[in-house]
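Asks: Okay, so here is data-v9.cif, and as you'll see once you scroll down, it has mmCIF, C-alpha atoms.
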data_my_file
loop_
_atom_site.label_atom_id
_atom_site.label_comp_id
_atom_site.auth_asym_id
_atom_site.auth_seq_id
_atom_site.Cartn_x
_atom_site.Cartn_y
_atom_site.Cartn_z
CA MET Q 296 41.31 61.88 -16.03
CA ALA Q 297 39.83 59.63 -18.60
CA ASP Q 298 42.31 57.15 -20.02
CA THR Q 299 40.33 56.13 -23.03
CA MET Q 300 37.97 57.62 -25.53
CA GLN Q 301 35.17 56.10 -27.55
CA PHE Q 302 36.42 55.54 -31.06
CA ASP Q 303 34.04 54.89 -33.98
CA LEU Q 304 34.94 54.29 -37.57
CA VAL Q 305 31.88 54.28 -39.80
CA SER Q 306 31.41 54.17 -43.53
CA PRO Q 307 28.06 54.83 -45.21
CA GLU Q 308 27.48 51.12 -45.60
CA ARG Q 309 28.55 49.81 -42.23
CA SER Q 310 30.30 50.46 -39.02
CA LEU Q 311 33.86 49.15 -39.12
CA ALA Q 312 35.07 49.66 -35.62
CA SER Q 313 33.85 50.83 -32.29
CA THR Q 314 36.23 50.53 -29.37
CA GLN Q 315 37.73 52.28 -26.39
CA ALA Q 316 40.97 53.78 -27.64
CA THR Q 317 43.85 55.47 -25.90
CA ALA Q 318 45.07 57.26 -29.00
CA VAL Q 319 43.92 57.70 -32.57
CA GLN Q 320 46.22 58.89 -35.29
CA ILE Q 321 44.18 60.68 -37.94
CA PRO Q 322 45.32 61.69 -41.43
CA GLY Q 323 43.80 65.17 -41.46
CA ALA Q 324 43.62 67.25 -44.61
CA GLU Q 325 46.04 69.76 -43.10
CA GLY Q 326 48.36 67.19 -41.60
CA ASP Q 327 48.29 64.09 -39.46
CA PHE Q 328 47.48 64.46 -35.83
CA THR Q 329 46.96 62.19 -32.88
CA ALA Q 330 43.82 62.54 -30.86
CA MET Q 331 43.99 61.43 -27.25
CA PRO Q 332 41.40 61.63 -24.50
CA LEU Q 333 40.54 65.21 -23.55
CA HIS Q 334 41.57 66.51 -26.94
CA ALA Q 335 40.07 69.88 -27.81
CA PRO Q 336 36.92 69.52 -29.95
CA VAL Q 337 37.87 69.59 -33.59
CA ILE Q 338 36.29 68.73 -36.90
CA THR Q 339 38.56 68.11 -39.82
CA THR Q 340 38.36 66.67 -43.28
CA LEU Q 341 40.58 63.72 -44.11
CA ARG Q 342 43.00 62.97 -46.86
CA PRO Q 343 43.57 59.41 -48.06
CA GLY Q 344 45.88 57.73 -45.62
CA ILE Q 345 46.37 55.40 -42.71
CA LEU Q 346 44.31 55.76 -39.60
CA SER Q 347 45.86 54.06 -36.64
CA VAL Q 348 44.02 53.27 -33.45
CA THR Q 349 45.76 52.33 -30.22
CA SER Q 350 43.68 50.56 -27.66
CA ALA Q 351 44.27 48.20 -24.76
CA SER Q 352 44.35 45.26 -27.15
CA GLY Q 353 47.00 46.72 -29.44
CA THR Q 354 47.13 48.89 -32.51
CA ASP Q 355 44.76 48.56 -35.45
CA GLU Q 356 45.40 50.23 -38.74
CA TYR Q 357 42.82 51.24 -41.33
CA PHE Q 358 43.04 52.85 -44.69
CA VAL Q 359 40.55 55.65 -45.25
CA SER Q 360 39.93 57.30 -48.58
CA GLY Q 361 38.54 60.56 -47.30
CA GLY Q 362 35.68 61.93 -45.28
CA PHE Q 363 35.93 63.70 -42.00
CA ALA Q 364 36.65 63.22 -38.34
CA GLU Q 365 34.97 64.66 -35.30
CA VAL Q 366 37.00 64.70 -32.13
CA THR Q 367 35.77 65.71 -28.70
CA ALA Q 368 37.13 65.12 -25.23
CA GLU Q 369 35.49 61.70 -24.95
CA ASN Q 370 34.88 60.74 -28.57
CA ALA Q 371 36.69 60.30 -31.83
CA SER Q 372 34.40 59.54 -34.73
CA VAL Q 373 35.76 59.02 -38.17
CA LEU Q 374 33.28 59.11 -41.02
CA ALA Q 375 35.05 57.73 -44.05
CA GLU Q 376 33.57 57.34 -47.45
CA ARG Q 377 35.56 54.17 -47.98
CA ALA Q 378 37.53 52.44 -45.30
CA TYR Q 379 39.40 49.16 -45.22
CA ALA Q 380 41.31 47.36 -42.53
CA LYS Q 381 44.91 47.73 -43.64
CA ALA Q 382 45.32 43.97 -43.92
CA ASP Q 383 42.38 43.81 -46.37
CA LEU Q 384 43.81 46.45 -48.63
CA THR Q 385 45.13 44.88 -51.79
CA ALA Q 386 46.94 46.31 -54.76
CA GLU Q 387 43.77 45.93 -56.83
CA ILE Q 388 41.64 48.00 -54.46
CA MET Q 389 44.33 50.65 -54.30
CA GLU Q 390 44.65 50.72 -58.05
CA GLU Q 391 40.93 51.17 -58.43
CA LEU Q 392 40.85 53.97 -55.86
CA VAL Q 393 43.63 55.81 -57.70
CA LYS Q 394 41.86 55.28 -60.99
CA ASP Q 395 38.57 56.60 -59.56
CA ALA Q 396 40.31 59.64 -58.14
CA ASN Q 397 41.98 60.39 -61.46
CA MET Q 398 38.70 59.97 -63.29
CA GLN Q 399 36.98 62.39 -60.94
CA ARG Q 400 39.76 64.90 -61.43
CA ASP Q 401 39.53 64.67 -65.19
CA ALA Q 402 35.76 64.95 -65.12
CA SER Q 403 35.34 67.88 -62.77
CA HIS Q 404 38.55 69.98 -63.02
CA THR Q 405 38.08 71.31 -59.50
CA ASP Q 406 40.88 71.93 -57.02
CA ILE Q 407 39.31 69.57 -54.52
CA ALA Q 408 39.27 66.70 -57.00
CA ALA Q 409 42.82 67.42 -58.14
CA LYS Q 410 44.08 67.47 -54.58
CA TYR Q 411 42.20 64.26 -53.85
CA ALA Q 412 43.83 62.52 -56.81
CA ASP Q 413 47.29 63.71 -55.77
CA ASP Q 414 46.74 62.63 -52.19
CA MET Q 415 45.49 59.27 -53.32
CA ALA Q 416 48.53 58.72 -55.50
CA ALA Q 417 50.78 59.78 -52.63
CA ALA Q 418 49.03 57.39 -50.27
CA ALA Q 419 49.47 54.57 -52.76
CA ARG Q 420 53.20 55.31 -53.07
CA GLU Q 421 53.59 55.52 -49.34
CA LEU Q 422 51.97 52.15 -48.86
CA GLY Q 423 54.21 50.65 -51.50
CA PHE Q 424 51.60 49.67 -54.05
CA MET J 53 -22.35 26.80 -65.57
CA PRO J 54 -18.75 25.75 -66.14
CA SER J 55 -18.13 22.08 -66.74
CA LEU J 56 -16.35 19.87 -64.24
CA LYS J 57 -13.23 19.86 -66.34
CA ASP J 58 -13.15 23.65 -66.53
CA LEU J 59 -13.43 23.91 -62.79
CA LYS J 60 -10.66 21.41 -62.30
CA THR J 61 -8.24 23.30 -64.55
CA ARG J 62 -9.21 26.52 -62.82
CA ILE J 63 -8.41 25.08 -59.40
CA GLU J 64 -5.09 23.77 -60.65
CA SER J 65 -4.13 27.15 -62.06
CA VAL J 66 -5.04 29.00 -58.87
CA LYS J 67 -3.03 26.44 -56.94
CA SER J 68 0.07 27.08 -58.98
CA THR J 69 -0.45 30.83 -58.62
CA ARG J 70 -0.59 30.34 -54.90
CA LYS J 71 2.69 28.46 -55.00
CA ILE J 72 4.32 31.33 -56.85
CA THR J 73 3.03 34.06 -54.54
CA LYS J 74 4.03 32.00 -51.53
CA ALA J 75 7.54 31.60 -52.91
CA MET J 76 7.73 35.32 -53.66
CA GLN J 77 6.63 36.12 -50.16
CA MET J 78 9.34 33.95 -48.71
CA VAL J 79 11.99 35.45 -50.96
CA ALA J 80 10.81 38.94 -50.01
CA ALA J 81 11.00 38.03 -46.33
CA ALA J 82 14.60 36.90 -46.71
CA LYS J 83 15.52 39.97 -48.72
CA LEU J 84 13.74 42.20 -46.26
CA ARG J 85 15.97 41.01 -43.47
CA ARG J 86 19.02 41.82 -45.53
CA ALA J 87 17.65 45.21 -46.57
CA GLN J 88 16.81 46.04 -42.98
CA ASP J 89 20.31 45.11 -41.87
CA ALA J 90 21.75 47.34 -44.56
CA ALA J 91 19.49 50.20 -43.54
CA GLU J 92 20.48 49.76 -39.93
CA ALA J 93 24.19 49.55 -40.75
CA GLY J 94 23.94 52.80 -42.67
CA ARG J 95 22.20 54.67 -39.91
CA PRO J 96 25.17 55.60 -37.65
CA TYR J 97 26.93 57.30 -40.53
CA ALA J 98 23.89 59.29 -41.58
CA GLU J 99 23.09 60.30 -38.01
CA ARG J 100 26.62 61.42 -37.26
CA PHE J 101 26.86 63.19 -40.55
CA ASN J 102 23.65 65.09 -40.06
CA ALA J 103 24.65 66.08 -36.54
CA VAL J 104 27.94 67.53 -37.74
CA MET J 105 26.29 69.23 -40.68
CA GLY J 106 23.64 70.65 -38.39
CA GLY J 107 26.33 72.22 -36.24
CA LEU J 108 28.21 73.53 -39.24
CA ALA J 109 25.14 74.85 -40.98
CA ALA J 110 24.07 76.65 -37.83
CA SER J 111 27.41 78.39 -37.43
CA VAL J 112 27.88 79.34 -41.06
CA GLY J 113 24.16 79.83 -41.45
CA LYS J 114 22.70 81.64 -44.35
CA ALA J 115 25.47 84.15 -44.24
CA GLU J 116 26.53 85.80 -47.42
CA GLY J 117 28.99 83.73 -49.36
CA ALA J 118 27.61 80.53 -47.89
CA PRO J 119 27.80 77.69 -50.42
CA LYS J 120 24.86 77.55 -52.78
CA LEU J 121 24.13 73.95 -51.87
CA LEU J 122 23.29 75.22 -48.40
CA ALA J 123 21.88 78.69 -48.99
CA GLY J 124 20.17 78.03 -52.29
CA THR J 125 20.30 80.10 -55.43
CA GLY J 126 18.06 82.74 -53.96
CA ALA J 127 15.18 81.74 -56.19
CA ASP J 128 12.76 78.84 -56.17
CA ASN J 129 11.37 78.84 -59.67
CA VAL J 130 12.62 75.55 -61.00
CA HIS J 131 12.08 72.41 -58.95
CA LEU J 132 13.73 69.08 -59.57
CA LEU J 133 11.80 66.09 -58.31
CA VAL J 134 13.92 63.01 -57.84
CA VAL J 135 11.45 60.14 -57.75
CA MET J 136 12.98 56.97 -56.34
CA THR J 137 11.06 53.76 -56.77
CA ALA J 138 11.71 50.07 -57.25
CA GLU J 139 12.86 48.31 -60.38
CA ARG J 140 10.19 45.67 -60.04
CA GLY J 141 6.48 45.57 -59.51
CA LEU J 142 4.28 43.14 -57.59
CA CYS J 143 4.81 44.97 -54.37
CA GLY J 144 1.38 46.37 -53.61
CA GLY J 145 0.97 50.09 -53.66
CA PHE J 146 4.64 50.76 -53.02
CA ASN J 147 5.53 52.29 -56.38
CA SER J 148 2.21 54.01 -56.97
CA ASN J 149 2.23 55.62 -53.55
CA ILE J 150 5.57 57.26 -54.18
CA ALA J 151 4.53 58.34 -57.67
CA LYS J 152 1.24 59.66 -56.33
CA LEU J 153 2.99 61.80 -53.75
CA ALA J 154 5.39 63.11 -56.39
CA ARG J 155 2.53 63.90 -58.75
CA ALA J 156 0.60 65.74 -56.05
CA HIS J 157 3.73 67.72 -55.25
CA ALA J 158 4.29 68.53 -58.91
CA GLU J 159 0.71 69.65 -59.39
CA LYS J 160 0.92 71.96 -56.42
CA LEU J 161 4.14 73.48 -57.73
CA GLU J 162 2.75 73.96 -61.20
CA LYS J 163 -0.33 75.65 -59.82
CA ALA J 164 1.97 78.05 -58.01
CA GLY J 165 3.56 78.84 -61.35
CA LYS J 166 6.83 76.99 -60.82
CA THR J 167 8.64 74.90 -63.37
CA VAL J 168 8.92 71.22 -62.60
CA LYS J 169 11.60 68.82 -63.78
CA VAL J 170 11.59 65.13 -63.09
CA LEU J 171 14.45 62.71 -62.58
CA THR J 172 13.57 59.13 -61.84
CA VAL J 173 15.47 56.34 -60.17
CA GLY J 174 13.93 52.94 -60.76
CA LYS J 175 12.00 51.64 -63.72
CA LYS J 176 8.55 51.59 -62.14
CA GLY J 177 8.65 55.23 -61.20
CA ARG J 178 9.67 56.18 -64.70
CA GLU J 179 6.72 54.32 -66.19
CA GLN J 180 4.29 56.06 -63.89
CA MET J 181 5.74 59.55 -64.15
CA LYS J 182 6.14 59.28 -67.92
CA ARG J 183 2.37 59.28 -68.33
CA ASP J 184 1.85 62.82 -67.12
CA TYR J 185 5.27 64.38 -67.12
CA ALA J 186 6.97 62.97 -70.20
CA ASP J 187 7.98 66.44 -71.38
CA LYS J 188 9.43 67.31 -67.97
CA PHE J 189 11.86 64.41 -67.86
CA VAL J 190 15.49 65.33 -67.50
CA GLY J 191 16.87 61.88 -66.84
CA HIS J 192 16.55 58.42 -65.48
CA VAL J 193 18.90 56.32 -63.39
CA ASP J 194 18.75 52.63 -64.07
CA LEU J 195 19.59 50.35 -61.16
CA THR J 196 18.29 47.17 -62.76
CA GLU J 197 21.75 45.67 -62.88
CA VAL J 198 22.53 46.56 -59.30
CA LYS J 199 21.90 43.66 -56.97
CA ARG J 200 22.72 45.51 -53.82
CA VAL J 201 22.71 49.27 -53.73
CA GLY J 202 26.00 50.62 -52.52
CA TYR J 203 27.16 54.04 -51.55
CA ASP J 204 28.76 54.40 -54.96
CA ASP J 205 25.36 54.22 -56.65
CA ALA J 206 24.06 56.98 -54.42
CA ALA J 207 27.21 59.02 -54.98
CA GLY J 208 26.70 58.68 -58.73
CA ILE J 209 23.14 59.98 -58.52
CA ALA J 210 24.24 62.79 -56.23
CA GLN J 211 27.00 63.77 -58.63
CA ASP J 212 24.54 63.94 -61.48
CA VAL J 213 22.12 66.06 -59.45
CA ILE J 214 24.83 68.41 -58.23
CA LYS J 215 26.21 68.83 -61.74
CA ARG J 216 22.79 69.89 -62.95
CA PHE J 217 22.52 72.26 -60.00
CA ASP J 218 25.89 73.84 -60.77
CA GLU J 219 24.81 74.34 -64.33
CA GLY J 220 21.79 76.21 -63.09
CA GLU J 221 19.19 73.72 -64.25
CA PHE J 222 17.11 74.02 -61.08
CA ASP J 223 16.85 75.85 -57.77
CA VAL J 224 15.37 73.28 -55.43
CA ALA J 225 15.71 69.51 -55.41
CA THR J 226 13.39 67.19 -53.54
CA ILE J 227 13.71 63.44 -53.27
CA PHE J 228 10.72 61.12 -53.05
CA PHE J 229 11.06 57.74 -51.43
CA SER J 230 9.28 55.48 -49.02
CA GLU J 231 10.23 55.46 -45.40
CA PHE J 232 10.27 52.03 -43.83
CA LYS J 233 8.24 51.89 -40.64
CA SER J 234 7.29 48.24 -40.54
CA VAL J 235 6.31 45.40 -42.82
CA ILE J 236 2.77 46.71 -43.04
CA SER J 237 3.55 50.39 -43.03
CA GLN J 238 5.74 52.28 -45.47
CA ILE J 239 5.30 56.00 -45.65
CA PRO J 240 5.93 57.85 -48.90
CA THR J 241 8.11 60.79 -47.99
CA ALA J 242 9.36 63.93 -49.66
CA LYS J 243 12.62 65.45 -48.53
CA GLN J 244 14.36 68.54 -49.76
CA VAL J 245 18.06 67.95 -50.39
CA ILE J 246 19.07 71.13 -52.19
CA PRO J 247 19.32 73.64 -50.63
CA ALA J 248 20.35 71.42 -47.75
CA ASP J 249 17.92 71.41 -44.91
CA PHE J 250 19.69 70.23 -41.77
CA GLU J 251 18.24 70.43 -38.35
CA PRO J 252 20.44 72.68 -36.28
CA SER J 253 22.03 70.51 -33.62
CA GLU J 254 21.41 71.10 -29.95
CA ASP J 255 24.99 70.30 -29.20
CA SER J 256 26.73 73.38 -27.88
CA THR J 257 30.30 72.11 -28.21
CA VAL J 258 32.47 74.67 -29.92
CA TYR J 259 34.66 72.94 -32.45
CA ASP J 260 37.85 73.94 -34.08
CA TYR J 261 37.52 73.53 -37.79
CA GLU J 262 40.38 72.37 -39.90
CA PRO J 263 40.49 73.68 -42.65
CA ASP J 264 38.05 76.52 -41.98
CA GLU J 265 34.30 76.13 -41.87
CA GLU J 266 33.64 77.24 -45.43
CA GLU J 267 36.10 74.80 -46.88
CA ILE J 268 34.77 71.92 -44.84
CA LEU J 269 31.26 72.81 -45.90
CA ALA J 270 32.26 72.93 -49.54
CA ASP J 271 33.74 69.46 -49.15
CA LEU J 272 30.94 68.01 -47.08
CA LEU J 273 27.81 69.38 -48.74
CA PRO J 274 28.09 67.23 -51.86
CA ARG J 275 28.68 64.24 -49.59
CA GLY J 276 25.61 65.29 -47.65
CA VAL J 277 23.50 65.00 -50.78
CA ALA J 278 24.98 61.58 -51.47
CA THR J 279 24.39 60.48 -47.89
CA GLN J 280 20.76 61.52 -47.97
CA ILE J 281 20.19 59.81 -51.29
CA PHE J 282 21.92 56.71 -49.98
CA SER J 283 19.76 56.51 -46.86
CA ALA J 284 16.70 57.08 -49.03
CA LEU J 285 17.76 54.21 -51.27
CA LEU J 286 18.25 51.95 -48.27
CA GLU J 287 14.88 52.89 -46.80
CA ASN J 288 13.35 52.28 -50.19
CA GLY J 289 14.98 48.87 -50.45
CA ALA J 290 13.56 47.77 -47.11
CA SER J 291 10.16 49.30 -47.88
CA GLU J 292 9.97 47.58 -51.23
CA GLN J 293 10.59 44.16 -49.74
CA GLY J 294 8.22 44.85 -46.88
CA ALA J 295 5.49 45.96 -49.26
CA ARG J 296 6.09 42.97 -51.49
CA MET J 297 5.98 40.63 -48.55
CA SER J 298 2.60 41.83 -47.34
CA ALA J 299 1.22 42.06 -50.88
CA MET J 300 2.25 38.48 -51.57
CA ASP J 301 0.93 37.36 -48.23
CA ASN J 302 -2.46 38.81 -49.18
CA ALA J 303 -2.28 37.22 -52.60
CA THR J 304 -1.50 33.83 -51.09
CA ARG J 305 -4.42 34.13 -48.72
CA ASN J 306 -6.77 35.22 -51.50
CA ALA J 307 -5.67 32.30 -53.63
CA GLY J 308 -6.40 29.97 -50.73
CA GLU J 309 -9.90 31.39 -50.35
CA MET J 310 -10.49 31.10 -54.05
CA ILE J 311 -9.39 27.48 -54.05
CA ASP J 312 -11.85 26.72 -51.24
CA LYS J 313 -14.68 28.39 -53.10
CA LEU J 314 -13.89 26.67 -56.34
CA THR J 315 -13.60 23.32 -54.63
CA ILE J 316 -17.06 23.74 -53.12
CA GLU J 317 -18.44 24.66 -56.52
CA PHE J 318 -16.67 21.70 -58.06
CA ASN J 319 -18.12 19.27 -55.51
CA ARG J 320 -21.56 20.74 -55.91
CA SER J 321 -21.56 20.34 -59.67
CA ARG J 322 -20.17 16.85 -59.38
CA GLN J 323 -23.00 15.98 -57.01
CA ALA J 324 -25.49 17.53 -59.42
CA VAL J 325 -24.14 15.41 -62.24
CA ILE J 326 -24.43 12.24 -60.15
CA THR J 327 -27.97 13.13 -59.07
CA ASN J 328 -28.89 13.76 -62.66
CA GLU J 329 -27.56 10.41 -63.75
CA LEU J 330 -29.43 8.66 -60.94
CA ILE J 331 -32.69 10.36 -61.90
CA GLU J 332 -32.17 9.28 -65.46
CA ILE J 333 -31.51 5.67 -64.45
CA ILE J 334 -34.46 5.53 -62.06
CA SER J 335 -36.93 7.15 -64.45
CA GLY J 336 -35.61 4.87 -67.16
CA ALA J 337 -36.26 1.82 -64.94
CA GLU J 338 -39.74 3.05 -64.01
CA ALA J 339 -40.69 3.49 -67.65
CA LEU J 340 -40.14 -0.20 -68.33
#
Can you dump the structure from the file as structure tokens?
Replies:
Amino acid sequence: MADTMQFDLVSPERSLASTQATAVQIPGAEGDFTAMPLHAPVITTLRPGILSVTSASGTDEYFVSGGFAEVTAENASVLAERAYAKADLTAEIMEELVKDANMQRDASHTDIAAKYADDMAAAARELGF
Amino acid sequence: MPSLKDLKTRIESVKSTRKITKAMQMVAAAKLRRAQDAAEAGRPYAERFNAVMGGLAASVGKAEGAPKLLAGTGADNVHLLVVMTAERGLCGGFNSNIAKLARAHAEKLEKAGKTVKVLTVGKKGREQMKRDYADKFVGHVDLTEVKRVGYDDAAGIAQDVIKRFDEGEFDVATIFFSEFKSVISQIPTAKQVIPADFEPSEDSTVYDYEPDEEEILADLLPRGVATQIFSALLENGASEQGARMSAMDNATRNAGEMIDKLTIEFNRSRQAVITNELIEIISGAEAL
């Protein structure tokens, strides 16, 4: 049985991480879940939250603003619109993300945008900003 | 025949032109490297995205109730051409080639009796498209202030396009940009973004979708438009610098040739003047 899976975290502008991971905790739109090697293939959208990757060298945490994840038995790819290493995330960035989300909600009045803004605010609270 | 002084000023001016084109070439080369890196860094995302979308699109297909961004409005009467060019000139045929392709496309559509609307990104494209299609303009996106195109810029353009689509302004959207092949070859390309045109993936993995396929599609399709526009912008950025680099390289070489020619002419006239003076002196001495 495979012990590790190929984990990729990419944003449109660059690739943030690419490692062999033993477990990846993903903030899915319908709830967090942990993908481990030999996970059933699944594609899910993400909500803003913390993505945590466990590999041989320890656990890395990233903040993702949304996007989607594709999990197969050997791969976990997370395509995030915006992603930051958790250590790089500052109150200013968070504030801006929340502001953007609110602006989008006010501009478009769709359920998706409203949910996104709520999720973003929740994520900000959770992280203590 | 120009005087010696005229020739000298001419040579000086060509020399300073050569200095400028040489500097521009070097700047373009440095920027090209950066643009290429950016294009490369953006590729994994776009590839992955398109693969997933291909799978999704194949399974949802053109079924009834499929999102309009994927299935289209059912008509193709009104076409939106998104013409993406550079903000600056002096890059060879880069801007004109894109505009030419867009114009050819527009002509073909109009001949077929379709309505054409034009949205431009980049100042140069606007100038060129304004000449023939001024009455078809629906908007222009200015990126003059943007030093480095980011995903947010692309997302902004995509949002604008999608909003127009939702309001029923057009049925089909096509983007025009230049694909970067190499420094000497950039290929003007047209790509349809709405309705989305994904290649069905070969991958036969059966995925679980969370939430269901329709909802994911509704969420991802707008991002798909943004992703395609973003990769087009990146390709364009690299192409522009590549085109500018080779254009400036040519200009530098031409200036060099011109300097050589002018120098020969200068020497020849100088010699002629000296000969003339000698003849005058000699014939003067003989007359005595």
Asks: Work out how far CA of Ala335 (chain Q) is from CA of Thr367 (chain Q), in Å to one decimal.
Replies: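 We find that CA of Thr367 (chain Q) and CA of Ala335 (chain Q) lie 6.1 Å from each other.
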Asks: Rounded to one decimal in Å, what is the spacing between CA of Leu311 (chain Q) and CA of Glu266 (chain J)?
Replies: 28.8 Å
Asks: Check which residues satisfy the PyMOL selection byres ((chain J) within 7 of (chain Q)) in the file shown, then give them as a list of chain:residue names.
Replies: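 That expression, the PyMOL selection byres ((chain J) within 7 of (chain Q)), corresponds here to J:Ala90, J:Ala93, J:Gly94, J:Tyr97, J:Tyr203, J:Val258, J:Tyr259, J:Asp260, J:Tyr261, J:Glu262, J:Pro263, J:Ile268.
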Asks: Which residues fall under the PyMOL selection byres ((chain Q and resi 318) around 9) in this file, as a ChimeraX atom specification?
Replies: /Q:299-300,316-317,319-320,329-332,347-350
Asks: Show which residues sit within 12 Å of Ala382 (chain Q), as a JSON list (two decimals) with C-alpha atoms, in the frame of the given file. Count only C-alpha atoms, and ignore same-chain residues fewer than 5 positions away.
Replies:
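Written file, part_36.json:
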[["chain", "number", "residue", "atom", "x", "y", "z"],
["Q", 345, "ILE", "CA", 46.37, 55.40, -42.71],
["Q", 355, "ASP", "CA", 44.76, 48.56, -35.45],
["Q", 356, "GLU", "CA", 45.40, 50.23, -38.74],
["Q", 357, "TYR", "CA", 42.82, 51.24, -41.33],
["Q", 358, "PHE", "CA", 43.04, 52.85, -44.69],
["Q", 388, "ILE", "CA", 41.64, 48.00, -54.46],
["Q", 422, "LEU", "CA", 51.97, 52.15, -48.86]]
Asks: For CA of Val224 (chain J) and CA of Lys166 (chain J), determine how far apart the two atoms are, in Å to one decimal place.
Replies: 10.8 Å
Asks: As a check of understanding, name the residues that the PyMOL selection byres ((chain J and resi 298) around 9) selects in the supplied structure, as a list in words.
Replies: Gln77, Cys143, Gly144, Val235, Ile236, Gln293, Gly294, Ala295, Arg296, Met297, Ala299, Met300, Asp301, Asn302 and Ala303 of chain J
Asks: Find the spatial neighbours of Glu159 (chain J), counting only C-alpha atoms, within a cut-off of 12 Å - ignore same-chain residues fewer than 3 positions away - and output them as a ChimeraX atom specification.
Replies: /J:131,133,152-156,162-169,184-185
Asks: Using all atoms listed in the file, list the residues that have an atom at most 6 Å from (41.6, 56.7, -44.9), coordinates as in the file, as a PDB file with C-alpha atoms, in the coordinates of the input.
Replies:
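As written to disk, point38.pdb reads:
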ATOM      1  CA  PRO Q 343      43.570  59.410 -48.060  1.00  0.00           C
ATOM      2  CA  GLY Q 344      45.880  57.730 -45.620  1.00  0.00           C
ATOM      3  CA  ILE Q 345      46.370  55.400 -42.710  1.00  0.00           C
ATOM      4  CA  PHE Q 358      43.040  52.850 -44.690  1.00  0.00           C
ATOM      5  CA  VAL Q 359      40.550  55.650 -45.250  1.00  0.00           C
ATOM      6  CA  SER Q 360      39.930  57.300 -48.580  1.00  0.00           C
ATOM      7  CA  GLY Q 361      38.540  60.560 -47.300  1.00  0.00           C
ATOM      8  CA  ALA Q 378      37.530  52.440 -45.300  1.00  0.00           C
TER       9      ALA Q 378
END
Asks: Step by step, gather every atom of region 338-350 of chain Q that the file lists, find the box along x, y and z that holds them, add 6 Å on each side, and finally give centre and edge lengths in Å to one decimal, as JSON.
Replies:
{"center_x": 41.3, "center_y": 59.6, "center_z": -37.9, "size_x": 22.1, "size_y": 30.2, "size_z": 32.4}
Asks: May I have the protein, DNA and RNA residues with an atom at most 12 Å from (38.5, 61.0, -59.6), counting all atoms listed in the file in the file's coordinates, returned as a ChimeraX atom specification?
Replies: /Q:360,391-416 /J:211
Asks: List as a list of chain:residue names the protein and nucleic acid residues near Asn306 (chain J), meaning an atom at most 10 Å away when only C-alpha atoms are counted, but skip any in the same chain fewer than 6 places from it.
Replies: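 My list of contacting residues is J:Val66, J:Arg70, J:Met300, J:Asp312.
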